[in-house]
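*Asks:* The following block contains the structure, expressed as structure tokens.
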Amino acid sequence: MTIMTQPSSGGGGSAAGALYDVIELILDRGLVIDVFVRVSLVGIEVLTIDARVVVASIDTYLRFAERCGRLDLTGGRQPVGLPAIVGQITEDSAERKARGALTGAGRAIAETIHDIVTPDGRG
Amino acid sequence: MATYVYCFTDAGHSLPLDDLRGVGADGTVLQAIRHDGLAAVVSNAPEGLRPKRRDLIAHETVLETLSAAGSVVPMRFGTVAPDDNAVVAELARGASRYTELLTRLAGHVERNVKGAHQEDALLADLLADNPELRARNEALRAAGGGGQPDQVAFGERMALAVEQRRTRDAAYVVAALRPLAMLDRHAPSVKDCFVNVSFLVPAAAQDDFDAVVAQLRSALQGYAELRVSGPLPPYSFVDAVEATV
């Protein structure tokens with residue numbers, strides 16, 4: 001069985017069509033209750049990864065060097081500038097003002113990046 | 001018979017279970033176990049349940065349907081209680097926490113955003129941005145590619161620059177969308193994505209959220225793409241009560 005890659009529609013898609021892009025949430029988020037058991041995920045191929053491990057490998061170094069050597073860099077390309085987006089739409093948003101005490105502490109927790117190696121749904 | 005648990009809701013949830021089927025080859029029948037103002041949506045747990053595509057879709061479909069009809073606390077896939085009595089005991093034990101969590105999550109949805117660079121565009125951009133890297137690349141090219149030690153050394157410098165750019169661009173995406181959300185959480189790292197983040201968004205603010213996504217896509221066009229999912233059950237925010245302490 002294979003989880004097919006399908007482009008996400010950007011909201012409101014069917015569960016089946018959007019499964020690929022939410023599978024790590026289904027398998028690795030949601031409430032865990034200690035006194036209940038979980039179905040074994042043994043044998044499922046790894047979908048999520050520690051991105052830092054992938055980038056920091058000899059294979060990646062060689063690939064980057066090779067790809068850079070093939071790039072067409074003529075034409076004086078300018079670096080991408082990222083325009084400021086924050087606030088352009090949201091400045092007057094009621095939600096922005098309505099955010100309560102929930103936000104500050106929640107952000108502190110959100111800064112904790114989880115680098116959990118998680119199985120995917122192949123099985 | 002063991003009991004598969006999908007989510008907790010409050011007992012006032014409309015619980016449209018009749019047209020839904022649960023995990024398992026034949027699509028198990030869903031039932032609500034009610035206790036103390038709360039309800040748990042459950043089915044029989046099939047023998048030998050594994051995370052097959054069919055079962056993941058069943059789990060997700062049940063949760064998406066129920067979360068569209070009211071507040072839910074979603075379980076992680078594959079949560080199995082020994083029997084219905086154990087579910088009742090858990091509803092009783094955690095009643096105040098689950099009630100508060102359902103209240104906090106009410107009227108909100110999870111939106112997940114993944115961002116992936118187009119690798120050639122990213123590398124070209126880093127070279128355009130950094131004269132030293134550009135010069136080293138030209139030197140290797142002039143040397144017919146150079147020896148492997150030189151390639152590794154150059155590639156490592158590029159990898160460091162890539163990592164810094166991934167961090168910068170992740171922060172850019174999060175900062176643009178954070179004002180539309182009550183909470184945000186990093187989701188597990190997934191292959192090729194520089195950012196994987198979920199936002200708890202007021203259901204009424206989704207149009208604003210999508211408008212900022214459109215601005216981001218425009219800003220990143222030709223350089224990175226964003227994949228946006230949702231509205232989803234609030235998988236990433238079942239700690240929303242603890243987050244306020």
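Every chain in the structure tokens takes a letter, A first, then B, and so on in the order presented; its residues are numbered from 1, and the ligands are numbered from 1 following the presented order.
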Write out as a ChimeraX atom specification the set of residues from range 193-238 of chain B that DSSP, computed on the backbone, places in helix (DSSP H, G or I).
*Replies:* /B:203-220,235-237
*Asks:* Let's have the selection written as a PDB file, in the first residue's frame, with C-alpha atoms.
*Replies:*
```
ATOM      1  CA  ALA B 203     -13.004  29.588  11.999  1.00  0.00           C
ATOM      2  CA  ALA B 204     -14.235  33.063  11.088  1.00  0.00           C
ATOM      3  CA  ALA B 205     -10.674  34.244  10.314  1.00  0.00           C
ATOM      4  CA  GLN B 206      -9.922  31.611   7.692  1.00  0.00           C
ATOM      5  CA  ASP B 207     -10.488  33.983   4.786  1.00  0.00           C
ATOM      6  CA  ASP B 208      -7.930  36.380   6.272  1.00  0.00           C
ATOM      7  CA  PHE B 209      -5.568  33.454   6.781  1.00  0.00           C
ATOM      8  CA  ASP B 210      -5.968  32.385   3.153  1.00  0.00           C
ATOM      9  CA  ALA B 211      -5.382  35.954   1.990  1.00  0.00           C
ATOM     10  CA  VAL B 212      -2.032  36.076   3.788  1.00  0.00           C
ATOM     11  CA  VAL B 213      -1.166  32.653   2.355  1.00  0.00           C
ATOM     12  CA  ALA B 214      -1.840  34.090  -1.098  1.00  0.00           C
ATOM     13  CA  GLN B 215       0.490  37.008  -0.342  1.00  0.00           C
ATOM     14  CA  LEU B 216       3.187  34.609   0.840  1.00  0.00           C
ATOM     15  CA  ARG B 217       2.825  32.460  -2.270  1.00  0.00           C
ATOM     16  CA  SER B 218       3.202  35.537  -4.414  1.00  0.00           C
ATOM     17  CA  ALA B 219       6.295  36.657  -2.512  1.00  0.00           C
ATOM     18  CA  LEU B 220       7.891  33.206  -2.768  1.00  0.00           C
ATOM     19  CA  TYR B 235      -4.551  17.664  16.429  1.00  0.00           C
ATOM     20  CA  SER B 236      -1.678  19.955  17.380  1.00  0.00           C
ATOM     21  CA  PHE B 237      -3.510  21.873  20.090  1.00  0.00           C
TER      22      PHE B 237
END
```
*Asks:* Considering only C-alpha atoms, return as a PyMOL selection string whatever protein or nucleic-acid residues lie within 7 Å of range 60-77 of chain B, sequence-local ones (same chain, fewer than 3 positions apart) excluded.
*Replies:* (chain A and resi 15+26-32) or (chain B and resi 5-9+13-15+20+56-57+102+105-106+232-235+238)
*Asks:* Excluding range 78-90 of chain B and any residue of its chain fewer than 5 positions from it, enumerate the residues within 10 Å of it, using only C-alpha atoms, and give them as a VMD selection string.
*Replies:* (chain A and resid 26 to 27 30 to 41) or (chain B and resid 1 to 8 23 33 to 36 38 to 46 49 to 51 55 to 56 59 95 98)
*Asks:* Can you work out the spacing between CA of Thr28 in chain B and CA of Arg93 in chain B in Å, to one decimal?
*Replies:*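 About the pair CA of Thr28 in chain B and CA of Arg93 in chain B: they are 27.0 Å apart.
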*Asks:* Please measure the separation of CA of Ala121 in chain B and CA of Arg166 in chain B, giving the value in Å to one decimal.
*Replies:*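 Computing the Euclidean distance for CA of Ala121 in chain B and CA of Arg166 in chain B yields 13.1 Å.
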*Asks:* If you run DSSP on this backbone, which residues of range 27-202 of chain B come out as strand (DSSP E or B), and could you give them as JSON, numbers by chain?
*Replies:* {"B": [31, 32, 33, 34, 35, 38, 39, 40, 41, 42, 43, 44, 72, 73, 74, 75, 79, 80, 81, 108, 109, 110, 111, 112, 113, 114, 115, 116, 117, 183, 184, 185, 186, 190, 195, 196, 197, 198, 199, 200, 201, 202]}
*Asks:* Limited to C-alpha atoms, could you put the picked residues into a file as a JSON list (two decimals), in the first residue's frame?
*Replies:*
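As a result, part_28.json now contains:
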```json
[["chain", "number", "residue", "atom", "x", "y", "z"],
["B", 31, "GLN", "CA", -21.07, 4.93, 18.93],
["B", 32, "ALA", "CA", -21.07, 7.67, 21.55],
["B", 33, "ILE", "CA", -20.25, 6.91, 25.17],
["B", 34, "ARG", "CA", -21.66, 9.68, 27.34],
["B", 35, "HIS", "CA", -20.62, 10.57, 30.85],
["B", 38, "LEU", "CA", -18.95, 14.70, 27.89],
["B", 39, "ALA", "CA", -19.06, 12.15, 25.10],
["B", 40, "ALA", "CA", -16.44, 9.85, 23.59],
["B", 41, "VAL", "CA", -16.85, 8.73, 19.97],
["B", 42, "VAL", "CA", -15.75, 5.11, 19.70],
["B", 43, "SER", "CA", -16.06, 1.91, 17.69],
["B", 44, "ASN", "CA", -15.00, -1.66, 18.21],
["B", 72, "VAL", "CA", -13.69, 17.96, 19.52],
["B", 73, "VAL", "CA", -10.55, 16.77, 21.28],
["B", 74, "PRO", "CA", -8.98, 14.45, 18.67],
["B", 75, "MET", "CA", -7.12, 11.30, 19.72],
["B", 79, "THR", "CA", -5.77, 4.89, 20.46],
["B", 80, "VAL", "CA", -7.36, 1.77, 21.93],
["B", 81, "ALA", "CA", -8.98, 1.42, 25.36],
["B", 108, "HIS", "CA", -11.29, 27.22, 16.01],
["B", 109, "VAL", "CA", -9.72, 25.03, 13.34],
["B", 110, "GLU", "CA", -6.21, 23.81, 12.68],
["B", 111, "ARG", "CA", -4.53, 24.96, 9.48],
["B", 112, "ASN", "CA", -1.24, 23.31, 8.53],
["B", 113, "VAL", "CA", 1.34, 24.99, 6.33],
["B", 114, "LYS", "CA", 4.28, 23.26, 4.70],
["B", 115, "GLY", "CA", 6.92, 25.11, 2.73],
["B", 116, "ALA", "CA", 9.43, 23.59, 0.32],
["B", 117, "HIS", "CA", 12.16, 25.39, -1.60],
["B", 183, "LEU", "CA", -1.65, 29.50, 18.81],
["B", 184, "ASP", "CA", 0.95, 27.93, 16.58],
["B", 185, "ARG", "CA", 2.96, 24.75, 16.84],
["B", 186, "HIS", "CA", 5.83, 23.34, 14.86],
["B", 190, "VAL", "CA", 8.96, 16.27, 6.94],
["B", 195, "VAL", "CA", 8.76, 24.70, 7.52],
["B", 196, "ASN", "CA", 5.92, 22.52, 8.78],
["B", 197, "VAL", "CA", 3.74, 24.47, 11.16],
["B", 198, "SER", "CA", 0.15, 24.31, 12.36],
["B", 199, "PHE", "CA", -1.96, 27.28, 13.41],
["B", 200, "LEU", "CA", -5.07, 27.34, 15.59],
["B", 201, "VAL", "CA", -7.22, 29.79, 13.63],
["B", 202, "PRO", "CA", -10.65, 31.17, 14.53]]
```
*Asks:* Compare A:Ala65, A:Ile23, A:Asp59, A:Ala84 by their minimum atom-to-atom distance to chain B, counting only C-alpha atoms, and give me the closest one.
*Replies:*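 For chain B, the nearest of the given residues is A:Ala65.
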